[in-house]
file query_34.cif (mmCIF, C-alpha atoms (C1' of nucleotides))
data_final
loop_
_atom_site.label_atom_id
_atom_site.label_comp_id
_atom_site.auth_asym_id
_atom_site.auth_seq_id
_atom_site.Cartn_x
_atom_site.Cartn_y
_atom_site.Cartn_z
CA MET A 1 -15.12 -16.06 9.95
CA LYS A 2 -17.85 -18.53 9.33
CA ASN A 3 -21.54 -17.84 9.59
CA LEU A 4 -21.46 -14.08 9.64
CA ASP A 5 -24.62 -12.57 11.04
CA ILE A 6 -25.67 -10.35 8.13
CA GLN A 7 -28.84 -8.28 7.87
CA GLN A 8 -30.12 -6.12 5.04
CA THR A 9 -31.30 -2.58 5.87
CA ASP A 10 -32.72 0.25 3.75
CA ASN A 11 -29.54 1.03 1.87
CA GLY A 12 -27.00 -1.08 3.61
CA VAL A 13 -25.90 -4.14 5.47
CA ILE A 14 -25.35 -4.76 9.15
CA VAL A 15 -22.91 -7.39 10.38
CA LYS A 16 -23.13 -8.21 14.05
CA ASN A 17 -20.39 -10.70 14.76
CA ILE A 18 -17.33 -9.24 13.06
CA LYS A 19 -14.07 -10.02 14.84
CA ASN A 20 -10.57 -8.70 14.41
CA PHE A 21 -11.66 -5.77 12.30
CA VAL A 22 -11.40 -2.04 12.97
CA PRO A 23 -11.82 0.15 9.88
CA LYS A 24 -9.30 2.73 11.07
CA HIS A 25 -6.62 0.09 11.60
CA THR A 26 -7.23 -1.59 8.28
CA PHE A 27 -7.42 1.62 6.26
CA ASP A 28 -4.53 3.34 8.01
CA CYS A 29 -1.85 0.68 7.85
CA GLY A 30 -0.44 1.71 4.50
CA GLN A 31 -2.09 -0.78 2.20
CA CYS A 32 -4.73 1.35 0.49
CA PHE A 33 -5.25 4.92 -0.64
CA ARG A 34 -8.91 5.32 -1.51
CA TRP A 35 -10.60 5.17 1.89
CA ASN A 36 -11.33 8.46 3.62
CA GLU A 37 -12.65 9.24 7.06
CA GLU A 38 -15.89 11.23 7.22
CA ASP A 39 -16.84 13.77 9.88
CA ASP A 40 -18.85 11.14 11.76
CA GLY A 41 -15.86 8.80 11.98
CA SER A 42 -17.11 6.46 9.29
CA TYR A 43 -15.03 5.61 6.21
CA THR A 44 -16.06 5.95 2.59
CA GLY A 45 -14.10 4.16 -0.08
CA VAL A 46 -14.01 2.93 -3.65
CA ALA A 47 -13.11 -0.56 -4.79
CA TYR A 48 -14.27 -2.97 -7.48
CA ASP A 49 -16.59 -0.37 -9.06
CA ARG A 50 -18.49 0.21 -5.86
CA VAL A 51 -18.57 2.97 -3.29
CA ILE A 52 -19.50 2.05 0.25
CA ASN A 53 -19.37 3.60 3.69
CA MET A 54 -18.39 1.74 6.85
CA LYS A 55 -18.79 2.40 10.51
CA LEU A 56 -18.01 0.18 13.47
CA ASP A 57 -20.05 0.85 16.57
CA ASN A 58 -20.18 -1.42 19.62
CA ASN A 59 -18.78 -4.30 17.59
CA ILE A 60 -21.52 -3.91 15.03
CA LEU A 61 -20.41 -3.13 11.50
CA TYR A 62 -22.67 -0.82 9.50
CA ILE A 63 -22.03 -0.83 5.77
CA ASP A 64 -23.98 1.83 3.91
CA ASN A 65 -24.71 1.92 0.16
CA CYS A 66 -24.32 -1.84 0.01
CA ASN A 67 -26.45 -4.99 -0.28
CA ILE A 68 -26.03 -8.57 0.85
CA GLU A 69 -25.21 -9.78 -2.64
CA ASP A 70 -22.29 -7.34 -2.97
CA PHE A 71 -21.21 -8.09 0.55
CA ASN A 72 -20.95 -11.80 -0.18
CA ASN A 73 -19.57 -11.48 -3.72
CA ILE A 74 -17.13 -8.62 -3.24
CA TRP A 75 -16.52 -7.43 0.28
CA VAL A 76 -16.01 -10.73 2.11
CA GLU A 77 -13.05 -11.42 -0.14
CA TYR A 78 -11.87 -7.79 -0.24
CA PHE A 79 -11.78 -7.54 3.55
CA ASP A 80 -10.46 -11.06 3.99
CA PHE A 81 -13.40 -11.87 6.26
CA ASN A 82 -13.01 -15.61 5.77
CA ARG A 83 -9.56 -15.68 7.34
CA ASP A 84 -9.07 -16.57 10.99
CA TYR A 85 -7.00 -13.73 12.40
CA ASP A 86 -7.12 -15.28 15.88
CA GLU A 87 -4.90 -18.03 14.57
CA ILE A 88 -2.46 -15.52 13.04
CA LYS A 89 -2.32 -13.48 16.24
CA LYS A 90 -1.85 -16.57 18.36
CA GLU A 91 1.15 -17.58 16.29
CA LEU A 92 2.70 -14.11 16.06
CA SER A 93 2.20 -13.36 19.75
CA LYS A 94 4.92 -15.91 20.54
CA ASP A 95 7.21 -13.02 19.67
CA ASN A 96 7.22 -10.41 22.44
CA VAL A 97 7.58 -7.45 20.12
CA LEU A 98 4.68 -8.58 17.97
CA ALA A 99 2.56 -9.29 21.02
CA HIS A 100 3.05 -5.66 21.98
CA ALA A 101 2.65 -4.27 18.46
CA MET A 102 -0.62 -6.11 17.92
CA LYS A 103 -2.24 -4.24 20.78
CA PHE A 104 -2.18 -1.14 18.57
CA GLY A 105 -3.44 -2.28 15.18
CA LYS A 106 -5.50 -5.20 16.44
CA GLY A 107 -8.19 -4.56 13.84
CA ILE A 108 -5.93 -4.76 10.82
CA ARG A 109 -6.96 -7.07 8.00
CA ILE A 110 -4.95 -7.40 4.82
CA LEU A 111 -7.14 -6.40 1.90
CA ASN A 112 -7.41 -8.26 -1.38
CA GLN A 113 -7.26 -5.37 -3.82
CA ASP A 114 -7.21 -5.26 -7.59
CA PRO A 115 -3.68 -6.05 -8.83
CA PHE A 116 -3.48 -3.35 -11.50
CA GLU A 117 -4.78 -0.56 -9.31
CA THR A 118 -2.41 -1.70 -6.56
CA LEU A 119 0.49 -1.90 -8.99
CA ILE A 120 0.06 1.67 -10.23
CA SER A 121 -0.76 3.01 -6.77
CA PHE A 122 2.46 1.68 -5.29
CA ILE A 123 4.54 2.87 -8.22
CA ILE A 124 3.17 6.30 -7.32
CA SER A 125 3.95 5.71 -3.65
CA ALA A 126 7.73 5.46 -4.11
CA ASN A 127 9.62 8.34 -2.48
CA ASN A 128 6.32 10.13 -2.00
CA GLY A 129 4.00 11.31 0.75
CA ILE A 130 0.61 9.83 1.55
CA SER A 131 -1.44 12.97 0.92
CA ARG A 132 0.09 13.47 -2.49
CA ILE A 133 -0.22 9.78 -3.38
CA LYS A 134 -3.94 9.94 -2.60
CA LYS A 135 -4.39 13.15 -4.58
CA SER A 136 -2.71 11.68 -7.65
CA ILE A 137 -4.82 8.50 -7.49
CA GLU A 138 -8.04 10.50 -7.11
CA TYR A 139 -7.07 12.73 -10.01
CA LEU A 140 -6.35 9.80 -12.29
CA SER A 141 -9.63 8.16 -11.32
CA MET A 142 -11.71 11.29 -11.83
CA LYS A 143 -10.05 12.15 -15.12
CA TYR A 144 -9.69 8.71 -16.69
CA GLY A 145 -11.85 6.32 -14.68
CA GLU A 146 -15.56 5.58 -14.95
CA LYS A 147 -18.14 7.28 -12.84
CA ILE A 148 -19.47 4.73 -10.37
CA GLY A 149 -22.10 6.85 -8.73
CA GLU A 150 -22.80 9.46 -6.12
CA TYR A 151 -22.73 9.12 -2.37
CA LYS A 152 -23.73 11.89 0.01
CA GLY A 153 -23.42 14.47 -2.74
CA LYS A 154 -19.98 13.42 -3.94
CA GLU A 155 -19.15 11.72 -7.21
CA TYR A 156 -16.98 8.63 -7.20
CA TYR A 157 -14.88 7.14 -9.98
CA SER A 158 -13.23 3.79 -10.54
CA PHE A 159 -9.49 3.54 -11.07
CA PRO A 160 -8.66 3.50 -14.81
CA ASN A 161 -7.55 0.19 -16.29
CA ALA A 162 -4.36 -0.51 -18.25
CA GLU A 163 -6.05 -0.16 -21.63
CA VAL A 164 -7.05 3.39 -20.74
CA LEU A 165 -3.79 4.39 -19.11
CA GLU A 166 -1.58 3.20 -21.96
CA LYS A 167 -3.30 5.66 -24.26
CA ILE A 168 -2.40 8.62 -22.08
CA ARG A 169 0.87 10.33 -22.84
CA ALA A 170 3.33 10.53 -19.98
CA GLU A 171 3.24 14.32 -20.17
CA ASN A 172 -0.51 14.28 -19.56
CA LEU A 173 -0.13 11.80 -16.72
CA ARG A 174 2.03 14.38 -15.03
CA GLU A 175 -1.01 16.59 -14.52
CA SER A 176 -1.95 14.19 -11.74
CA GLY A 177 1.13 15.28 -9.83
CA VAL A 178 3.00 11.98 -10.12
CA GLY A 179 6.13 13.76 -11.33
CA TYR A 180 8.88 11.61 -12.81
CA ARG A 181 6.81 8.49 -12.07
CA ALA A 182 4.64 9.32 -15.12
CA SER A 183 6.93 7.40 -17.47
CA TYR A 184 6.93 4.42 -15.10
CA ILE A 185 3.13 4.38 -15.10
CA PHE A 186 2.96 4.69 -18.86
CA ASN A 187 5.51 1.95 -19.52
CA THR A 188 3.90 -0.38 -17.01
CA ALA A 189 0.43 0.22 -18.46
CA VAL A 190 1.74 -0.66 -21.92
CA VAL A 191 3.23 -3.93 -20.70
CA VAL A 192 0.05 -4.91 -18.85
CA ALA A 193 -2.37 -3.86 -21.59
CA SER A 194 -0.39 -5.70 -24.26
CA LYS A 195 -0.36 -8.84 -22.07
CA GLN A 196 3.42 -9.03 -22.21
CA MET A 197 2.91 -9.78 -18.54
CA ASP A 198 -0.24 -11.28 -17.06
CA ILE A 199 -0.36 -9.69 -13.63
CA TYR A 200 -3.58 -11.56 -12.88
CA ASN A 201 -1.71 -14.84 -13.14
CA LEU A 202 1.07 -13.89 -10.70
CA LYS A 203 -0.89 -15.43 -7.84
CA ASN A 204 -0.17 -18.82 -9.35
CA LEU A 205 3.58 -18.27 -9.15
CA SER A 206 5.78 -18.66 -6.10
CA THR A 207 6.39 -15.52 -4.08
CA GLU A 208 9.95 -15.43 -5.33
CA ASP A 209 8.99 -15.78 -8.99
CA ALA A 210 6.14 -13.29 -8.75
CA ARG A 211 8.57 -10.82 -7.23
CA LYS A 212 11.07 -11.25 -10.04
CA GLU A 213 8.33 -10.73 -12.61
CA LEU A 214 6.98 -7.60 -10.95
CA MET A 215 10.44 -6.09 -10.67
CA LEU A 216 10.76 -6.21 -14.45
CA LEU A 217 8.20 -3.40 -14.56
CA ALA A 218 9.31 0.21 -14.59
CA GLY A 219 9.16 1.84 -11.19
CA VAL A 220 8.80 -1.47 -9.37
CA GLY A 221 11.65 -2.27 -6.98
CA PRO A 222 11.78 -4.68 -4.04
CA LYS A 223 9.51 -2.71 -1.72
CA VAL A 224 6.82 -1.89 -4.29
CA ALA A 225 6.84 -5.49 -5.56
CA ASP A 226 6.34 -6.79 -2.02
CA CYS A 227 3.44 -4.40 -1.43
CA ILE A 228 1.71 -5.47 -4.62
CA MET A 229 2.12 -9.12 -3.72
CA LEU A 230 0.89 -8.65 -0.17
CA PHE A 231 -2.04 -6.33 -0.85
CA SER A 232 -3.42 -7.71 -4.10
CA ILE A 233 -1.97 -11.12 -4.92
CA GLY A 234 -2.36 -12.91 -1.63
CA LYS A 235 1.34 -13.51 -1.03
CA HIS A 236 1.20 -13.23 2.73
CA ASP A 237 4.83 -14.25 3.20
CA ALA A 238 5.98 -11.03 1.51
CA PHE A 239 7.64 -8.59 3.90
CA PRO A 240 7.83 -5.06 2.44
CA ILE A 241 10.50 -2.86 4.02
CA ASP A 242 9.65 0.81 4.02
CA VAL A 243 11.22 3.46 6.24
CA TRP A 244 8.90 2.68 9.15
CA VAL A 245 9.46 -1.06 9.08
CA LYS A 246 13.20 -0.47 8.79
CA ARG A 247 13.05 1.72 11.87
CA VAL A 248 11.03 -0.72 13.93
CA MET A 249 13.12 -3.72 12.91
CA GLU A 250 16.36 -1.93 13.79
CA TYR A 251 14.83 -0.68 17.01
CA PHE A 252 13.88 -4.13 18.29
CA TYR A 253 15.82 -6.79 16.44
CA LEU A 254 18.74 -5.59 14.36
CA PRO A 255 21.72 -3.24 14.38
CA LYS A 256 21.29 0.24 12.97
CA ASP A 257 22.02 0.63 9.25
CA SER A 258 21.19 -2.97 8.42
CA SER A 259 20.77 -3.49 4.69
CA LEU A 260 17.22 -3.68 3.35
CA LYS A 261 17.98 -7.07 1.92
CA TYR A 262 19.09 -8.41 5.28
CA ILE A 263 16.11 -6.97 7.13
CA GLN A 264 13.81 -8.59 4.62
CA LYS A 265 15.44 -12.00 4.92
CA TYR A 266 15.38 -11.71 8.70
CA GLY A 267 11.68 -10.85 8.72
CA GLN A 268 10.70 -13.62 6.34
CA ASP A 269 12.77 -16.20 8.23
CA LYS A 270 11.37 -15.09 11.57
CA PHE A 271 7.70 -14.79 10.68
CA GLY A 272 7.43 -17.27 7.81
CA LYS A 273 4.04 -17.55 6.14
CA TYR A 274 2.74 -14.79 8.40
CA ALA A 275 5.51 -12.30 7.56
CA GLY A 276 3.12 -9.97 5.75
CA PHE A 277 0.75 -9.80 8.69
CA ALA A 278 3.67 -9.17 11.03
CA GLN A 279 4.83 -6.37 8.74
CA GLN A 280 1.43 -4.71 8.94
CA TYR A 281 1.24 -4.84 12.72
CA LEU A 282 4.81 -3.56 13.01
CA PHE A 283 4.21 -0.78 10.50
CA TYR A 284 1.09 0.42 12.26
CA TYR A 285 2.75 0.27 15.63
CA ALA A 286 5.90 2.05 14.46
CA ARG A 287 3.95 4.93 12.95
CA GLU A 288 1.48 5.14 15.79
CA ALA A 289 4.28 5.30 18.35
CA LYS A 290 6.40 7.49 16.04
CA LEU A 291 9.17 5.01 16.64
CA GLY A 292 12.70 6.11 15.83
CA LYS A 293 11.53 9.56 14.84
CA LYS A 294 11.98 12.74 16.77
"C1'" DG B 295 14.81 28.12 1.20
"C1'" DG B 296 16.63 23.42 2.30
"C1'" DG B 297 14.81 19.02 3.73
"C1'" DC B 298 11.79 15.38 3.60
"C1'" DA B 299 8.29 11.75 2.05
"C1'" DG B 300 5.31 4.14 2.29
"C1'" DG B 301 12.08 3.95 -3.14
"C1'" DT B 302 13.77 3.29 -7.80
"C1'" DC B 303 16.97 3.99 -11.42
"C1'" DT B 304 21.44 4.51 -13.07
"C1'" DA B 305 26.21 4.51 -13.22
"C1'" DA B 306 30.01 3.20 -11.09
"C1'" DG B 307 33.49 0.27 -7.99
"C1'" DC C 308 26.35 -7.64 -5.96
"C1'" DT C 309 26.58 -3.36 -3.07
"C1'" DT C 310 26.54 1.76 -2.93
"C1'" DA C 311 26.18 6.84 -3.83
"C1'" DG C 312 23.19 10.64 -6.25
"C1'" DA C 313 19.53 12.37 -8.70
"C1'" DC C 314 14.74 12.62 -8.82
"C1'" DC C 315 8.86 15.46 -9.47
"C1'" DT C 316 6.33 17.87 -6.19
"C1'" DG C 317 3.87 19.77 -2.24
"C1'" DC C 318 4.20 20.80 2.45
"C1'" DC C 319 6.84 22.08 6.62
#

call {"tool": "encode", "arguments": {"input": "query_34.cif", "output": "structure tokens"}}
result
Amino acid sequence: MKNLDIQQTDNGVIVKNIKNFVPKHTFDCGQCFRWNEEDDGSYTGVAYDRVINMKLDNNILYIDNCNIEDFNNIWVEYFDFNRDYDEIKKELSKDNVLAHAMKFGKGIRILNQDPFETLISFIISANNGISRIKKSIEYLSMKYGEKIGEYKGKEYYSFPNAEVLEKIRAENLRESGVGYRASYIFNTAVVVASKQMDIYNLKNLSTEDARKELMLLAGVGPKVADCIMLFSIGKHDAFPIDVWVKRVMEYFYLPKDSSLKYIQKYGQDKFGKYAGFAQQYLFYYAREAKLGKK
DNA sequence: GGGCAGGTCTAAG
DNA sequence: CTTAGACCTGCC
């Protein structure tokens, strides 16, 4: 979106001409874990050492605890505000299923999150439930992260970096409720902190090569690798297959009990460079409609 | 109390 | 290279 109409207020920013963005859709499509809905329907979240609050009202976006400088330097990129989602939707709507799915999560934008935080978060997400994933991430942040500040009486903490996490014994990591994933987190933190792998350089590799690299890390399989690439490394042709996407793909396109590998190839072939966006719309739709679940 | 949840690891064919 | 089983833990 070019030429955003931004205004500074007392303790926030107002953006009047935001398109293709609904906070609920973006925060509830499985890509992030640190945004929470408040009683008034707004969302408060932590990213890049900031805590902000967002509310969309009559197509006007109110961002509290924020200034124009942060908006331009951090949040435009984080929320992918420079990307033309009309173009993506136009292309994807050639597929009837997607055209239908996009009516649900029409305000989804794929975030550009920090690679390390995303890496650890999705290691935690494997074979886990959302509420417990969020609790573990909050615990790790509060215990080992840095205090960012207070907002509406609550304290907020950044997610700990690799140098901090590698010093924590796996048995202590378990106090966050991550269970057997503690050793995965520890081992991955050691590899990242020691620069055996530069996860901040993965964006310069092909999607295929970045995937192979990521899967060398403990606790990172195909699905987690694809999520990391899509949500933090800008690999928008990645097509993560979780249980919901498997259900929706088998419901509309493929026979039941298709292999994950085949579903992934099918999705990437079908949606190409927009596969990741398609995955997000399908995921949101599948969960919203409780597709394939009693 | 058994089953399940935004999968991965391991050991085997 | 594909396929069973086990797996922390909290919540139903």

call {"tool": "interface_residues", "arguments": {"input": "query_34.cif", "of": "chain A", "to": "chain B", "cutoff": "9 Å", "atoms": "only C-alpha atoms (C1' of nucleotides)", "output": "list in words"}}
result
Gly30, Gln31, Phe122, Ser125, Ala126, Asn127, Asn128, Gly129, Ile130, Ala218, Gly219, Val220, Gly221, Pro222, Lys223, Val224, Ile241, Asp242, Val243 and Trp244 of chain A

call {"tool": "resolve_selection", "arguments": {"input": "query_34.cif", "expression": "the PyMOL selection byres ((chain A) within 10 of (chain C))", "output": "number ranges by chain"}}
result
A: 127-129, 131-132, 174, 177-182, 259

call {"tool": "write_last_selection", "arguments": {"input": "query_34.cif", "atoms": "C-alpha atoms", "output": "PDB file, keeping the file's coordinate frame"}}
result
ATOM      1  CA  ASN A 127       9.620   8.340  -2.480  1.00  0.00           C
ATOM      2  CA  ASN A 128       6.320  10.130  -2.000  1.00  0.00           C
ATOM      3  CA  GLY A 129       4.000  11.310   0.750  1.00  0.00           C
ATOM      4  CA  SER A 131      -1.440  12.970   0.920  1.00  0.00           C
ATOM      5  CA  ARG A 132       0.090  13.470  -2.490  1.00  0.00           C
ATOM      6  CA  ARG A 174       2.030  14.380 -15.030  1.00  0.00           C
ATOM      7  CA  GLY A 177       1.130  15.280  -9.830  1.00  0.00           C
ATOM      8  CA  VAL A 178       3.000  11.980 -10.120  1.00  0.00           C
ATOM      9  CA  GLY A 179       6.130  13.760 -11.330  1.00  0.00           C
ATOM     10  CA  TYR A 180       8.880  11.610 -12.810  1.00  0.00           C
ATOM     11  CA  ARG A 181       6.810   8.490 -12.070  1.00  0.00           C
ATOM     12  CA  ALA A 182       4.640   9.320 -15.120  1.00  0.00           C
ATOM     13  CA  SER A 259      20.770  -3.490   4.690  1.00  0.00           C
TER      14      SER A 259
END

call {"tool": "residues_near_point", "arguments": {"input": "query_34.cif", "point": "(-8.1, 0.0, 7.3)", "cutoff": "10 Å", "atoms": "only C-alpha atoms (C1' of nucleotides)", "output": "list in words"}}
result
Phe21, Val22, Pro23, Lys24, His25, Thr26, Phe27, Asp28, Cys29, Gly30, Gln31, Cys32, Phe33, Trp35, Asn36, Tyr43, Phe79, Gly105, Gly107, Ile108, Arg109, Ile110 and Leu111 of chain A

call {"tool": "resolve_selection", "arguments": {"input": "query_34.cif", "expression": "the PyMOL selection byres ((chain A and resi 3) around 12)", "output": "MDAnalysis selection string"}}
result
chainID A and resid 1:2 4:6 15:18 72 76 81:82

call {"tool": "write_last_selection", "arguments": {"input": "query_34.cif", "atoms": "C-alpha atoms", "output": "PDB file, keeping the file's coordinate frame"}}
result
ATOM      1  CA  MET A   1     -15.120 -16.060   9.950  1.00  0.00           C
ATOM      2  CA  LYS A   2     -17.850 -18.530   9.330  1.00  0.00           C
ATOM      3  CA  LEU A   4     -21.460 -14.080   9.640  1.00  0.00           C
ATOM      4  CA  ASP A   5     -24.620 -12.570  11.040  1.00  0.00           C
ATOM      5  CA  ILE A   6     -25.670 -10.350   8.130  1.00  0.00           C
ATOM      6  CA  VAL A  15     -22.910  -7.390  10.380  1.00  0.00           C
ATOM      7  CA  LYS A  16     -23.130  -8.210  14.050  1.00  0.00           C
ATOM      8  CA  ASN A  17     -20.390 -10.700  14.760  1.00  0.00           C
ATOM      9  CA  ILE A  18     -17.330  -9.240  13.060  1.00  0.00           C
ATOM     10  CA  ASN A  72     -20.950 -11.800  -0.180  1.00  0.00           C
ATOM     11  CA  VAL A  76     -16.010 -10.730   2.110  1.00  0.00           C
ATOM     12  CA  PHE A  81     -13.400 -11.870   6.260  1.00  0.00           C
ATOM     13  CA  ASN A  82     -13.010 -15.610   5.770  1.00  0.00           C
TER      14      ASN A  82
END

call {"tool": "closest_residue", "arguments": {"input": "query_34.cif", "among": "A:Ile120, A:Cys227, A:Ala47, A:Leu92", "to": "A:Ser183", "atoms": "only C-alpha atoms"}}
result
A:Ile120

call {"tool": "build_atoms", "arguments": {"input": "query_34.cif", "residues": "stretch 199-212 of chain A", "atoms": "N, CA, C and O atoms", "output": "JSON list (two decimals), keeping the file's coordinate frame"}}
result
[["chain", "number", "residue", "atom", "x", "y", "z"],
["A", 199, "ILE", "N", -0.48, -9.92, -15.08],
["A", 199, "ILE", "CA", -0.36, -9.69, -13.63],
["A", 199, "ILE", "C", -1.46, -10.42, -12.86],
["A", 199, "ILE", "O", -1.35, -10.62, -11.66],
["A", 200, "TYR", "N", -2.51, -10.83, -13.56],
["A", 200, "TYR", "CA", -3.58, -11.56, -12.88],
["A", 200, "TYR", "C", -3.27, -13.04, -12.72],
["A", 200, "TYR", "O", -4.02, -13.79, -12.13],
["A", 201, "ASN", "N", -2.15, -13.45, -13.30],
["A", 201, "ASN", "CA", -1.71, -14.84, -13.14],
["A", 201, "ASN", "C", -0.57, -14.98, -12.12],
["A", 201, "ASN", "O", -0.15, -16.09, -11.79],
["A", 202, "LEU", "N", -0.08, -13.85, -11.63],
["A", 202, "LEU", "CA", 1.07, -13.89, -10.70],
["A", 202, "LEU", "C", 0.76, -14.67, -9.43],
["A", 202, "LEU", "O", 1.65, -15.22, -8.80],
["A", 203, "LYS", "N", -0.52, -14.72, -9.07],
["A", 203, "LYS", "CA", -0.89, -15.43, -7.84],
["A", 203, "LYS", "C", -0.60, -16.92, -7.95],
["A", 203, "LYS", "O", -0.48, -17.59, -6.93],
["A", 204, "ASN", "N", -0.47, -17.40, -9.16],
["A", 204, "ASN", "CA", -0.17, -18.82, -9.35],
["A", 204, "ASN", "C", 1.32, -19.12, -9.31],
["A", 204, "ASN", "O", 1.72, -20.28, -9.37],
["A", 205, "LEU", "N", 2.14, -18.08, -9.23],
["A", 205, "LEU", "CA", 3.58, -18.27, -9.15],
["A", 205, "LEU", "C", 4.02, -18.29, -7.69],
["A", 205, "LEU", "O", 3.28, -17.88, -6.80],
["A", 206, "SER", "N", 5.23, -18.74, -7.45],
["A", 206, "SER", "CA", 5.78, -18.66, -6.10],
["A", 206, "SER", "C", 6.02, -17.19, -5.77],
["A", 206, "SER", "O", 6.10, -16.35, -6.67],
["A", 207, "THR", "N", 6.13, -16.90, -4.49],
["A", 207, "THR", "CA", 6.39, -15.52, -4.08],
["A", 207, "THR", "C", 7.66, -14.99, -4.73],
["A", 207, "THR", "O", 7.70, -13.86, -5.22],
["A", 208, "GLU", "N", 8.66, -15.83, -4.76],
["A", 208, "GLU", "CA", 9.95, -15.43, -5.33],
["A", 208, "GLU", "C", 9.83, -15.13, -6.82],
["A", 208, "GLU", "O", 10.35, -14.12, -7.32],
["A", 209, "ASP", "N", 9.13, -15.99, -7.54],
["A", 209, "ASP", "CA", 8.99, -15.78, -8.99],
["A", 209, "ASP", "C", 8.10, -14.59, -9.30],
["A", 209, "ASP", "O", 8.38, -13.83, -10.23],
["A", 210, "ALA", "N", 7.04, -14.44, -8.53],
["A", 210, "ALA", "CA", 6.14, -13.29, -8.75],
["A", 210, "ALA", "C", 6.91, -11.99, -8.54],
["A", 210, "ALA", "O", 6.74, -11.01, -9.26],
["A", 211, "ARG", "N", 7.77, -12.01, -7.53],
["A", 211, "ARG", "CA", 8.57, -10.82, -7.23],
["A", 211, "ARG", "C", 9.50, -10.46, -8.38],
["A", 211, "ARG", "O", 9.60, -9.30, -8.78],
["A", 212, "LYS", "N", 10.16, -11.49, -8.91],
["A", 212, "LYS", "CA", 11.07, -11.25, -10.04],
["A", 212, "LYS", "C", 10.32, -10.67, -11.23],
["A", 212, "LYS", "O", 10.79, -9.76, -11.92]]
